[in-house]
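Structure file entry-v1.csv; described as CSV, C-alpha atoms.
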chain,number,residue,atom,x,y,z
A,816,MET,CA,3.5,106.1,27.7
A,817,ASN,CA,7.1,106.9,26.8
A,818,PRO,CA,8.4,104.6,24.1
A,819,ARG,CA,11.8,106.1,24.4
A,820,ARG,CA,11.8,105.0,28.1
A,821,ASP,CA,10.8,101.5,27.1
A,822,GLN,CA,13.6,101.4,24.5
A,823,PHE,CA,16.1,102.9,26.9
A,824,PHE,CA,15.3,100.2,29.4
A,825,VAL,CA,15.8,97.5,26.9
A,826,LEU,CA,19.1,98.9,25.6
A,827,SER,CA,20.4,99.4,29.1
A,828,THR,CA,19.5,95.9,30.1
A,829,LEU,CA,21.0,94.4,27.0
A,830,SER,CA,24.1,96.5,27.4
A,831,LEU,CA,24.6,95.1,30.9
A,832,ALA,CA,24.3,91.6,29.5
A,833,LEU,CA,26.6,92.0,26.6
A,834,LEU,CA,29.3,94.0,28.3
A,835,SER,CA,29.4,91.5,31.1
A,836,GLY,CA,30.0,88.7,28.7
A,837,CYS,CA,26.8,87.1,29.9
A,838,ALA,CA,24.4,85.5,27.5
A,839,THR,CA,21.5,86.7,29.5
A,840,VAL,CA,20.4,89.6,31.6
A,841,PRO,CA,21.2,89.5,35.3
A,842,GLN,CA,19.2,86.7,36.9
A,843,THR,CA,19.4,87.9,40.5
A,844,SER,CA,19.5,91.3,42.3
A,845,GLU,CA,23.1,90.5,43.3
A,846,GLU,CA,24.1,89.9,39.7
A,847,PHE,CA,22.5,93.3,38.8
A,848,ARG,CA,24.4,95.0,41.6
A,849,SER,CA,27.6,93.3,40.7
A,850,LEU,CA,27.3,94.6,37.1
A,851,VAL,CA,26.6,98.1,38.4
A,852,ARG,CA,29.6,97.9,40.8
A,853,ASN,CA,31.8,97.1,37.8
A,854,GLY,CA,30.9,100.4,36.4
A,855,HIS,CA,28.8,99.5,33.4
A,856,MET,CA,27.5,102.4,31.3
A,857,PHE,CA,24.0,103.8,32.1
A,858,THR,CA,24.3,102.7,35.7
A,859,THR,CA,25.3,104.4,39.0
A,860,ILE,CA,25.4,103.9,42.7
A,861,ASP,CA,24.1,106.5,45.2
A,862,SER,CA,25.2,106.1,48.8
A,863,PHE,CA,24.1,108.0,51.9
A,864,VAL,CA,23.7,107.5,55.7
A,865,VAL,CA,20.5,108.0,57.6
A,866,HIS,CA,20.3,108.3,61.4
A,867,ARG,CA,17.7,105.6,61.9
A,868,PRO,CA,18.2,102.0,62.9
A,869,LEU,CA,18.2,99.3,60.2
A,870,ALA,CA,15.0,97.7,61.6
A,871,VAL,CA,13.0,100.9,61.1
A,872,VAL,CA,14.4,101.5,57.6
A,873,ALA,CA,13.7,97.9,56.6
A,874,SER,CA,10.2,98.0,58.0
A,875,THR,CA,9.5,101.2,56.0
A,876,PHE,CA,10.9,99.7,52.8
A,877,GLN,CA,8.7,96.7,53.3
A,878,ARG,CA,5.6,98.7,53.7
A,879,LYS,CA,6.3,101.3,51.0
A,880,ALA,CA,7.4,98.6,48.5
A,881,GLU,CA,4.0,97.0,48.7
A,882,ASP,CA,2.2,100.3,48.7
A,883,CYS,CA,4.0,102.0,45.9
A,884,LEU,CA,6.0,99.6,43.8
A,885,ARG,CA,3.8,96.6,43.1
A,886,LEU,CA,2.3,97.9,39.9
A,887,GLN,CA,0.4,96.9,36.8
A,888,LEU,CA,0.6,99.1,33.8
A,889,THR,CA,-2.5,99.1,31.5
A,890,SER,CA,-3.3,101.1,28.5
A,891,GLN,CA,-6.5,102.0,26.8
A,892,LEU,CA,-7.4,104.0,23.7
A,893,VAL,CA,-10.0,106.5,24.5
A,894,GLY,CA,-11.9,108.2,21.7
A,895,ASN,CA,-14.8,110.4,21.0
A,896,ILE,CA,-17.1,107.6,20.2
A,897,SER,CA,-15.8,104.5,21.9
A,898,SER,CA,-12.9,103.2,23.8
A,899,SER,CA,-10.9,100.0,23.7
A,900,SER,CA,-10.7,97.5,26.6
A,901,PRO,CA,-7.7,98.1,28.9
A,902,VAL,CA,-4.7,96.0,28.0
A,903,VAL,CA,-2.1,95.0,30.5
A,904,ARG,CA,1.3,96.0,29.2
A,905,GLY,CA,3.6,95.2,32.1
A,906,THR,CA,4.2,94.8,35.8
A,907,THR,CA,6.7,95.7,38.4
A,908,THR,CA,7.5,93.4,41.2
A,909,PRO,CA,9.2,94.6,44.4
A,910,THR,CA,11.1,92.2,46.7
A,911,VAL,CA,12.3,93.0,50.2
A,912,ASN,CA,14.6,90.7,52.1
A,913,ILE,CA,15.5,91.5,55.7
A,914,GLU,CA,18.5,90.1,57.6
A,915,LYS,CA,20.0,91.0,60.9
A,916,SER,CA,22.7,93.2,59.5
A,917,HIS,CA,21.3,94.3,56.2
A,918,ALA,CA,18.1,94.6,54.2
A,919,GLU,CA,17.5,94.6,50.4
A,920,LEU,CA,14.8,96.2,48.3
A,921,SER,CA,14.9,95.2,44.6
A,922,LEU,CA,12.5,96.0,41.8
A,923,GLN,CA,11.9,94.0,38.7
A,924,PHE,CA,10.3,95.3,35.5
A,925,PHE,CA,8.4,93.2,33.1
A,926,TYR,CA,7.1,94.5,29.7
A,927,LYS,CA,4.9,92.2,27.6
A,928,SER,CA,6.1,93.7,24.4
A,929,ILE,CA,9.8,93.3,25.1
A,930,LYS,CA,11.3,89.8,24.8
A,931,LEU,CA,14.7,89.4,26.5
A,932,SER,CA,16.8,86.2,26.5
A,933,LYS,CA,16.3,84.2,29.7
A,934,GLU,CA,14.6,87.0,31.6
A,935,PRO,CA,14.2,86.0,35.3
A,936,GLU,CA,10.7,85.3,36.6
A,937,GLY,CA,9.0,88.6,37.5
A,938,GLY,CA,11.1,90.6,35.0
A,939,SER,CA,14.5,92.2,34.7
A,940,TYR,CA,16.2,93.7,37.7
A,941,ALA,CA,16.7,97.4,37.1
A,942,PHE,CA,16.7,98.9,40.6
A,943,SER,CA,18.2,97.6,43.9
A,944,VAL,CA,18.7,99.1,47.3
A,945,LEU,CA,21.0,97.8,50.1
A,946,ALA,CA,20.6,99.0,53.6
A,947,LYS,CA,23.4,98.1,56.0
A,948,SER,CA,23.5,98.6,59.7
A,949,LEU,CA,26.2,101.0,61.0
A,950,GLY,CA,25.3,100.4,64.6
A,951,ALA,CA,22.3,101.0,66.8
A,952,THR,CA,21.2,104.3,65.3
A,953,SER,CA,22.5,104.6,61.8
A,954,THR,CA,22.1,102.8,58.5
A,955,ARG,CA,24.0,103.1,55.2
A,956,ILE,CA,21.9,103.1,52.1
A,957,GLU,CA,23.3,102.1,48.7
A,958,VAL,CA,21.1,102.5,45.6
A,959,TYR,CA,22.0,100.7,42.4
A,960,ARG,CA,20.2,102.0,39.4
A,961,PHE,CA,20.1,103.1,35.8
A,962,THR,CA,21.1,106.7,35.4
A,963,VAL,CA,18.0,107.7,33.5
A,964,SER,CA,14.3,107.4,34.6
A,965,SER,CA,15.0,106.4,38.1
A,966,GLU,CA,15.4,109.8,39.8
A,967,SER,CA,12.0,109.6,41.4
A,968,LEU,CA,12.7,106.1,42.7
A,969,LEU,CA,15.9,107.4,44.3
A,970,ALA,CA,14.1,110.4,45.8
A,971,ALA,CA,11.4,108.2,47.2
A,972,VAL,CA,13.9,105.7,48.7
A,973,ARG,CA,15.8,108.6,50.3
A,974,GLY,CA,12.6,110.0,51.8
A,975,TRP,CA,11.5,106.6,53.1
A,976,ALA,CA,14.9,105.9,54.6
A,977,THR,CA,15.1,109.3,56.4
A,978,GLY,CA,11.5,109.2,57.4
A,979,GLU,CA,10.8,112.5,55.7
A,980,PHE,CA,8.5,111.1,53.0
A,981,ASN,CA,5.6,108.8,53.3
A,982,GLY,CA,4.3,108.9,49.7
A,983,CYS,CA,5.1,107.2,46.4
A,984,PRO,CA,7.0,107.9,43.2
A,985,ASP,CA,4.9,108.6,40.2
A,986,PRO,CA,5.1,105.3,38.2
A,987,SER,CA,4.9,107.2,34.9
A,988,SER,CA,8.3,108.7,35.8
A,989,PHE,CA,10.0,105.3,35.8
A,990,PHE,CA,7.7,102.7,34.3
A,991,GLY,CA,5.8,103.0,31.0
B,625,MET,CA,-4.0,106.9,24.9
B,626,ALA,CA,-4.5,106.7,28.6
B,627,PHE,CA,-2.0,104.7,30.7
B,628,ARG,CA,-3.2,103.6,34.1
B,629,PHE,CA,-1.1,102.4,36.9
B,630,LEU,CA,-2.8,100.2,39.4
B,631,ARG,CA,-1.1,100.2,42.8
B,632,SER,CA,-1.7,96.5,43.2
B,633,LEU,CA,-2.3,93.6,40.9
B,634,ALA,CA,-6.0,93.9,41.3
B,635,THR,CA,-8.0,93.2,38.2
B,636,LEU,CA,-10.4,96.0,38.6
B,637,TRP,CA,-9.9,98.7,36.0
B,638,ILE,CA,-12.0,101.8,36.1
B,639,ALA,CA,-12.0,103.7,32.8
B,640,TYR,CA,-11.2,107.4,33.0
B,641,ALA,CA,-13.2,109.2,30.3
B,642,LEU,CA,-11.2,111.8,28.6
B,643,VAL,CA,-14.2,113.1,26.7
B,644,GLY,CA,-17.7,112.9,27.7
B,645,CYS,CA,-16.9,113.9,31.2
B,646,ALA,CA,-20.5,114.7,31.7
B,647,SER,CA,-21.0,110.9,31.9
B,648,ILE,CA,-19.1,110.8,35.2
B,649,LYS,CA,-21.5,111.7,38.0
B,650,PRO,CA,-20.2,114.6,40.0
B,651,TYR,CA,-20.2,114.1,43.8
B,652,SER,CA,-22.7,116.1,45.7
B,653,SER,CA,-24.4,115.3,49.0
B,654,SER,CA,-26.7,116.7,51.5
B,655,HIS,CA,-24.4,115.6,54.3
B,656,PRO,CA,-22.8,118.5,56.3
B,657,ALA,CA,-19.2,119.2,55.4
B,658,ASN,CA,-16.9,117.0,57.5
B,659,THR,CA,-13.9,116.6,55.3
B,660,THR,CA,-11.4,119.2,54.1
B,661,VAL,CA,-9.1,118.3,51.2
B,662,THR,CA,-6.0,120.4,50.6
B,663,THR,CA,-4.5,119.9,47.2
B,664,SER,CA,-1.2,121.0,45.8
B,665,ALA,CA,-0.2,119.5,42.4
B,666,GLN,CA,2.8,120.8,40.5
B,667,SER,CA,4.1,118.7,37.6
B,668,GLY,CA,7.5,120.3,37.7
B,669,SER,CA,7.5,120.7,34.0
B,670,LEU,CA,6.2,123.3,31.6
B,671,LEU,CA,5.3,120.5,29.2
B,672,ASP,CA,3.0,118.6,31.6
B,673,ARG,CA,0.1,119.4,33.8
B,674,VAL,CA,-1.3,117.4,36.7
B,675,GLN,CA,-4.9,117.3,37.8
B,676,VAL,CA,-6.3,115.5,40.8
B,677,GLU,CA,-9.6,113.8,40.8
B,678,LEU,CA,-11.4,112.1,43.7
B,679,ASP,CA,-13.8,109.2,43.1
B,680,ILE,CA,-16.0,108.4,46.1
B,681,TYR,CA,-17.6,104.9,46.4
B,682,LEU,CA,-19.9,103.2,48.8
B,683,LEU,CA,-18.2,99.9,49.9
B,684,ARG,CA,-20.9,97.4,50.2
B,685,PRO,CA,-20.8,94.4,52.7
B,686,ASP,CA,-19.9,92.1,49.8
B,687,CYS,CA,-17.0,94.3,48.9
B,688,SER,CA,-18.6,95.6,45.7
B,689,LEU,CA,-18.5,99.3,45.0
B,690,GLU,CA,-21.2,101.8,44.2
B,691,HIS,CA,-19.9,105.0,42.6
B,692,LEU,CA,-21.3,108.0,44.5
B,693,GLY,CA,-19.6,110.6,42.3
B,694,ARG,CA,-16.4,112.3,41.4
B,695,ARG,CA,-14.9,115.6,42.5
B,696,THR,CA,-12.2,117.4,40.7
B,697,LEU,CA,-9.8,118.9,43.2
B,698,ARG,CA,-9.0,122.1,41.4
B,699,ASP,CA,-9.0,124.5,44.3
B,700,ALA,CA,-6.4,124.6,47.0
B,701,THR,CA,-9.1,123.6,49.5
B,702,THR,CA,-12.2,121.6,48.9
B,703,GLU,CA,-14.9,120.9,51.5
B,704,LEU,CA,-16.8,117.6,51.3
B,705,GLY,CA,-19.7,116.1,53.2
B,706,LEU,CA,-19.1,112.4,53.4
B,707,PRO,CA,-21.8,110.0,54.8
B,708,SER,CA,-20.9,108.6,58.2
B,709,ASP,CA,-21.2,105.1,59.7
B,710,VAL,CA,-20.8,103.5,56.3
B,711,ASN,CA,-17.7,102.1,54.6
B,712,LEU,CA,-16.4,104.2,51.8
B,713,TYR,CA,-13.8,103.7,49.2
B,714,LEU,CA,-11.8,106.8,48.1
B,715,GLU,CA,-9.8,106.8,45.0
B,716,PHE,CA,-7.5,109.7,44.2
B,717,LEU,CA,-6.5,110.0,40.6
B,718,PHE,CA,-3.4,111.9,39.5
B,719,VAL,CA,-4.1,112.6,35.9
B,720,LYS,CA,-1.0,113.8,34.0
B,721,ASP,CA,-1.4,115.4,30.5
B,722,SER,CA,1.3,116.5,28.2
B,723,TRP,CA,1.0,119.7,26.1
B,724,ILE,CA,3.0,118.2,23.3
B,725,HIS,CA,1.5,114.7,22.8
B,726,SER,CA,-1.9,113.1,23.3
B,727,ASN,CA,-0.8,110.5,25.9
B,728,GLN,CA,-2.2,110.7,29.3
B,729,SER,CA,-1.2,108.8,32.5
B,730,VAL,CA,-3.4,108.1,35.4
B,731,VAL,CA,-2.0,107.1,38.8
B,732,SER,CA,-4.4,105.8,41.4
B,733,HIS,CA,-4.1,106.0,45.1
B,734,ASP,CA,-6.9,104.4,47.1
B,735,THR,CA,-8.0,103.8,50.7
B,736,THR,CA,-11.1,102.7,52.5
B,737,LEU,CA,-12.6,104.9,55.1
B,738,ARG,CA,-15.4,104.8,57.7
B,739,VAL,CA,-16.3,108.3,58.6
B,740,ARG,CA,-17.4,108.5,62.3
B,741,PRO,CA,-20.0,110.9,63.5
B,742,MET,CA,-18.8,114.0,65.4
B,743,HIS,CA,-15.4,113.7,63.7
B,744,ARG,CA,-13.6,115.9,61.2
B,745,TYR,CA,-11.3,114.7,58.5
B,746,SER,CA,-8.6,116.3,56.6
B,747,VAL,CA,-6.8,115.1,53.5
B,748,ASP,CA,-3.5,116.6,52.4
B,749,VAL,CA,-2.9,115.8,48.7
B,750,ARG,CA,0.5,116.7,47.3
B,751,TYR,CA,2.2,116.1,43.9
B,752,SER,CA,5.5,117.5,43.1
B,753,GLY,CA,8.6,116.5,41.2
B,754,SER,CA,7.2,113.0,40.3
B,755,LEU,CA,6.5,112.3,43.9
B,756,TYR,CA,3.0,112.2,45.4
B,757,GLU,CA,1.8,111.9,49.0
B,758,ILE,CA,-1.7,111.7,50.5
B,759,THR,CA,-2.2,112.0,54.2
B,760,LEU,CA,-5.5,111.4,55.8
B,761,ARG,CA,-6.2,112.6,59.3
B,762,GLU,CA,-9.1,112.2,61.8
B,763,LYS,CA,-10.0,114.4,64.7
B,764,SER,CA,-12.8,114.1,67.1
B,765,GLN,CA,-14.5,117.2,68.5
B,766,SER,CA,-13.0,116.7,71.9
B,767,ALA,CA,-9.4,115.9,70.7
B,768,THR,CA,-6.8,118.6,70.6
B,769,SER,CA,-4.9,117.1,67.7
B,770,ALA,CA,-5.6,114.9,64.7
B,771,ARG,CA,-4.3,111.4,64.2
B,772,VAL,CA,-3.0,110.1,60.9
B,773,LEU,CA,-5.0,107.2,59.4
B,774,GLU,CA,-3.0,104.6,57.6
B,775,ARG,CA,-4.1,103.6,54.2
B,776,GLN,CA,-6.5,100.6,54.1
B,777,GLY,CA,-6.5,98.9,50.8
B,778,LEU,CA,-9.5,97.3,49.2
B,779,ASP,CA,-7.8,94.0,49.4
B,780,ARG,CA,-8.5,94.0,53.2
B,781,CYS,CA,-12.2,94.0,52.6
B,782,GLN,CA,-13.8,90.8,53.9
B,783,PRO,CA,-17.1,90.1,52.1
B,784,VAL,CA,-20.1,89.4,54.3
B,785,GLU,CA,-22.0,86.6,52.7
B,786,ALA,CA,-25.6,87.3,51.8
B,787,SER,CA,-26.7,83.8,53.0
B,788,LYS,CA,-25.2,84.5,56.5
B,789,ASN,CA,-27.1,87.8,56.6
B,790,LYS,CA,-30.4,86.1,55.7
B,791,SER,CA,-30.1,83.3,58.3
B,792,ARG,CA,-29.4,86.0,60.9
B,793,GLY,CA,-32.5,87.9,59.8
B,794,ARG,CA,-30.5,90.7,58.3
B,795,THR,CA,-31.3,92.3,54.9
What do you get writing this file as structure tokens?
Amino acid sequence: MNPRRDQFFVLSTLSLALLSGCATVPQTSEEFRSLVRNGHMFTTIDSFVVHRPLAVVASTFQRKAEDCLRLQLTSQLVGNISSSSPVVRGTTTPTVNIEKSHAELSLQFFYKSIKLSKEPEGGSYAFSVLAKSLGATSTRIEVYRFTVSSESLLAAVRGWATGEFNGCPDPSSFFG
Amino acid sequence: MAFRFLRSLATLWIAYALVGCASIKPYSSSHPANTTVTTSAQSGSLLDRVQVELDIYLLRPDCSLEHLGRRTLRDATTELGLPSDVNLYLEFLFVKDSWIHSNQSVVSHDTTLRVRPMHRYSVDVRYSGSLYEITLREKSQSATSARVLERQGLDRCQPVEASKNKSRGRT
């Protein structure tokens, strides 16, 4: 567990809401990306081109999102004499939408202990990827993310998009 | 405190004993070695360490699990003898400890596997820079190259009802 990561997530999400003038956190992945595009603090956009067609990239995102990003975080106190029952602390929910000219992978985070105003179902949007076709053989990838605690997600997405990586990011590096 | 990440929303939670590791049965078998596990685990930080464990289960027809044992993948190469012609469930656990606090995280990667006779299997387990990758390959004795086996989750298990088995004269 990294309490500072939890707190950072809350502060980052709240800052997005407050600075945007919104009363609530972003309700859709597009709202999240819009806030990031507007240059809000703690966020950044990474962009790169891969020499693979959109259909292949999108299919990979779909498969790896289910394999790697649909998570349930549980905690358990383990002691010398006895242990507590595991408790669910949160979940991550990936969504992949595929259209003819683009595909989107977004990730929502839900923490049971963190109450946010009007949080969308499935949790707050904190990571989103847009893949846009540049023709038959190339795709542009845009990654919208918080600057901290999402490096492993970025590295995984880059590897999936290029086809050079078939594994997963360690969830403890971005969740929990 | 141990934090466990389940790769799906399955409700099954298997406790990882931090102490009393003698209570977890080590995996040993009389089957000839047919599986080579190559492990490379680097936390990327002087403050953390990563250890890889492998739990081996028998996957029963009703999709319940029978724990056959655990092997700690300490060495770069580990040879295993897995039973063939039965459905197995393999769960790889990446256990990350910190030198400076008592919290521990456990990441689970699982797959079902049916080992075929006269085949060799290789598993490449890598953890580096907060990314992990497990590649399972199968090679028959007559083949010149191995083929990659895709992960098969436990959610794909289709239980065989005991009543159906009884009516068909099966035990």
Nearest candidate to chain A (options B:Gly668, B:Pro741, B:Gly753, B:Pro685; using all atoms listed in the file):
B:Gly753
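Proximity to chain B was assessed for A:Leu884, A:Val963, A:Leu922, A:Ile913 counting all atoms listed in the file; the smallest distance is recorded for A:Leu884.
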For chain A against chain B, which residues fall within 10 Å using all atoms listed in the file, given as an mmCIF file with C-alpha atoms, in the frame of the given file?
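Output (iface-v4.cif):
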data_model
loop_
_atom_site.group_PDB
_atom_site.id
_atom_site.type_symbol
_atom_site.label_atom_id
_atom_site.label_comp_id
_atom_site.auth_asym_id
_atom_site.auth_seq_id
_atom_site.Cartn_x
_atom_site.Cartn_y
_atom_site.Cartn_z
ATOM 1 C CA MET A 816 3.500 106.100 27.700
ATOM 2 C CA ASN A 817 7.100 106.900 26.800
ATOM 3 C CA GLU A 881 4.000 97.000 48.700
ATOM 4 C CA ASP A 882 2.200 100.300 48.700
ATOM 5 C CA CYS A 883 4.000 102.000 45.900
ATOM 6 C CA LEU A 884 6.000 99.600 43.800
ATOM 7 C CA ARG A 885 3.800 96.600 43.100
ATOM 8 C CA LEU A 886 2.300 97.900 39.900
ATOM 9 C CA GLN A 887 0.400 96.900 36.800
ATOM 10 C CA LEU A 888 0.600 99.100 33.800
ATOM 11 C CA THR A 889 -2.500 99.100 31.500
ATOM 12 C CA SER A 890 -3.300 101.100 28.500
ATOM 13 C CA GLN A 891 -6.500 102.000 26.800
ATOM 14 C CA LEU A 892 -7.400 104.000 23.700
ATOM 15 C CA VAL A 893 -10.000 106.500 24.500
ATOM 16 C CA GLY A 894 -11.900 108.200 21.700
ATOM 17 C CA ASN A 895 -14.800 110.400 21.000
ATOM 18 C CA ILE A 896 -17.100 107.600 20.200
ATOM 19 C CA SER A 897 -15.800 104.500 21.900
ATOM 20 C CA SER A 898 -12.900 103.200 23.800
ATOM 21 C CA SER A 899 -10.900 100.000 23.700
ATOM 22 C CA SER A 900 -10.700 97.500 26.600
ATOM 23 C CA PRO A 901 -7.700 98.100 28.900
ATOM 24 C CA VAL A 902 -4.700 96.000 28.000
ATOM 25 C CA VAL A 903 -2.100 95.000 30.500
ATOM 26 C CA ARG A 904 1.300 96.000 29.200
ATOM 27 C CA GLY A 905 3.600 95.200 32.100
ATOM 28 C CA THR A 906 4.200 94.800 35.800
ATOM 29 C CA THR A 907 6.700 95.700 38.400
ATOM 30 C CA THR A 908 7.500 93.400 41.200
ATOM 31 C CA GLU A 966 15.400 109.800 39.800
ATOM 32 C CA SER A 967 12.000 109.600 41.400
ATOM 33 C CA LEU A 968 12.700 106.100 42.700
ATOM 34 C CA ALA A 970 14.100 110.400 45.800
ATOM 35 C CA ALA A 971 11.400 108.200 47.200
ATOM 36 C CA PHE A 980 8.500 111.100 53.000
ATOM 37 C CA ASN A 981 5.600 108.800 53.300
ATOM 38 C CA GLY A 982 4.300 108.900 49.700
ATOM 39 C CA CYS A 983 5.100 107.200 46.400
ATOM 40 C CA PRO A 984 7.000 107.900 43.200
ATOM 41 C CA ASP A 985 4.900 108.600 40.200
ATOM 42 C CA PRO A 986 5.100 105.300 38.200
ATOM 43 C CA SER A 987 4.900 107.200 34.900
ATOM 44 C CA SER A 988 8.300 108.700 35.800
ATOM 45 C CA PHE A 989 10.000 105.300 35.800
ATOM 46 C CA PHE A 990 7.700 102.700 34.300
ATOM 47 C CA GLY A 991 5.800 103.000 31.000
#
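Between atom CA of B:Asp748 and atom CA of B:Pro707 there is a distance of 19.6 Å.
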Closest of A:Ser921, A:Ser916, A:Phe847, A:Val911 to A:Thr859 - atom-to-atom distances counting all atoms listed in the file
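For A:Thr859, the nearest of the candidates is A:Phe847.
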Of the candidates B:Leu714, B:Ala657, B:Leu689, B:Leu678, which one gets nearest to B:Leu737 if we count all atoms listed in the file?
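Smallest separation from B:Leu737 among the options: B:Leu714.
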Using all atoms listed in the file, which of A:Lys927, A:Arg973, A:Arg960, A:Lys915 sits nearest A:Phe876?
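Ranking A:Lys927, A:Arg973, A:Arg960, A:Lys915 by distance to A:Phe876, first place goes to A:Arg973.
Compared by their closest atoms to B:Val710, and using all atoms listed in the file, the residues B:Leu683, B:Ala767, B:Met742, B:Val674 rank with B:Leu683 nearest.
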What does the distance between atom CA of B:Arg694 and atom CA of B:Arg780 come to in Å, to one decimal place?
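Atom CA of B:Arg780 lies at a distance of 23.2 Å from atom CA of B:Arg694.
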If I take atom CA of B:Thr663 and atom CA of B:Thr701, how far is one from the other in Å, to one decimal?
6.3 Å
So that I can check the surroundings of A:Leu920, please list as a count of residues only every protein, DNA and RNA residue that reaches within 8 Å of it, counting all atoms listed in the file and ignoring chain neighbours fewer than 2 positions away.
12
Give as a list of chain:residue names every residue, naming chains and numbers as the document does, that has an atom within 10 Å of (-16.2, 110.1, 61.2), counting only C-alpha atoms.
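In the file's frame, the residues around the point are B:Asn658, B:Thr659, B:Leu706, B:Pro707, B:Ser708, B:Asp709, B:Val710, B:Leu737, B:Arg738, B:Val739, B:Arg740, B:Pro741, B:Met742, B:His743, B:Arg744, B:Tyr745, B:Glu762, B:Lys763, B:Ser764.
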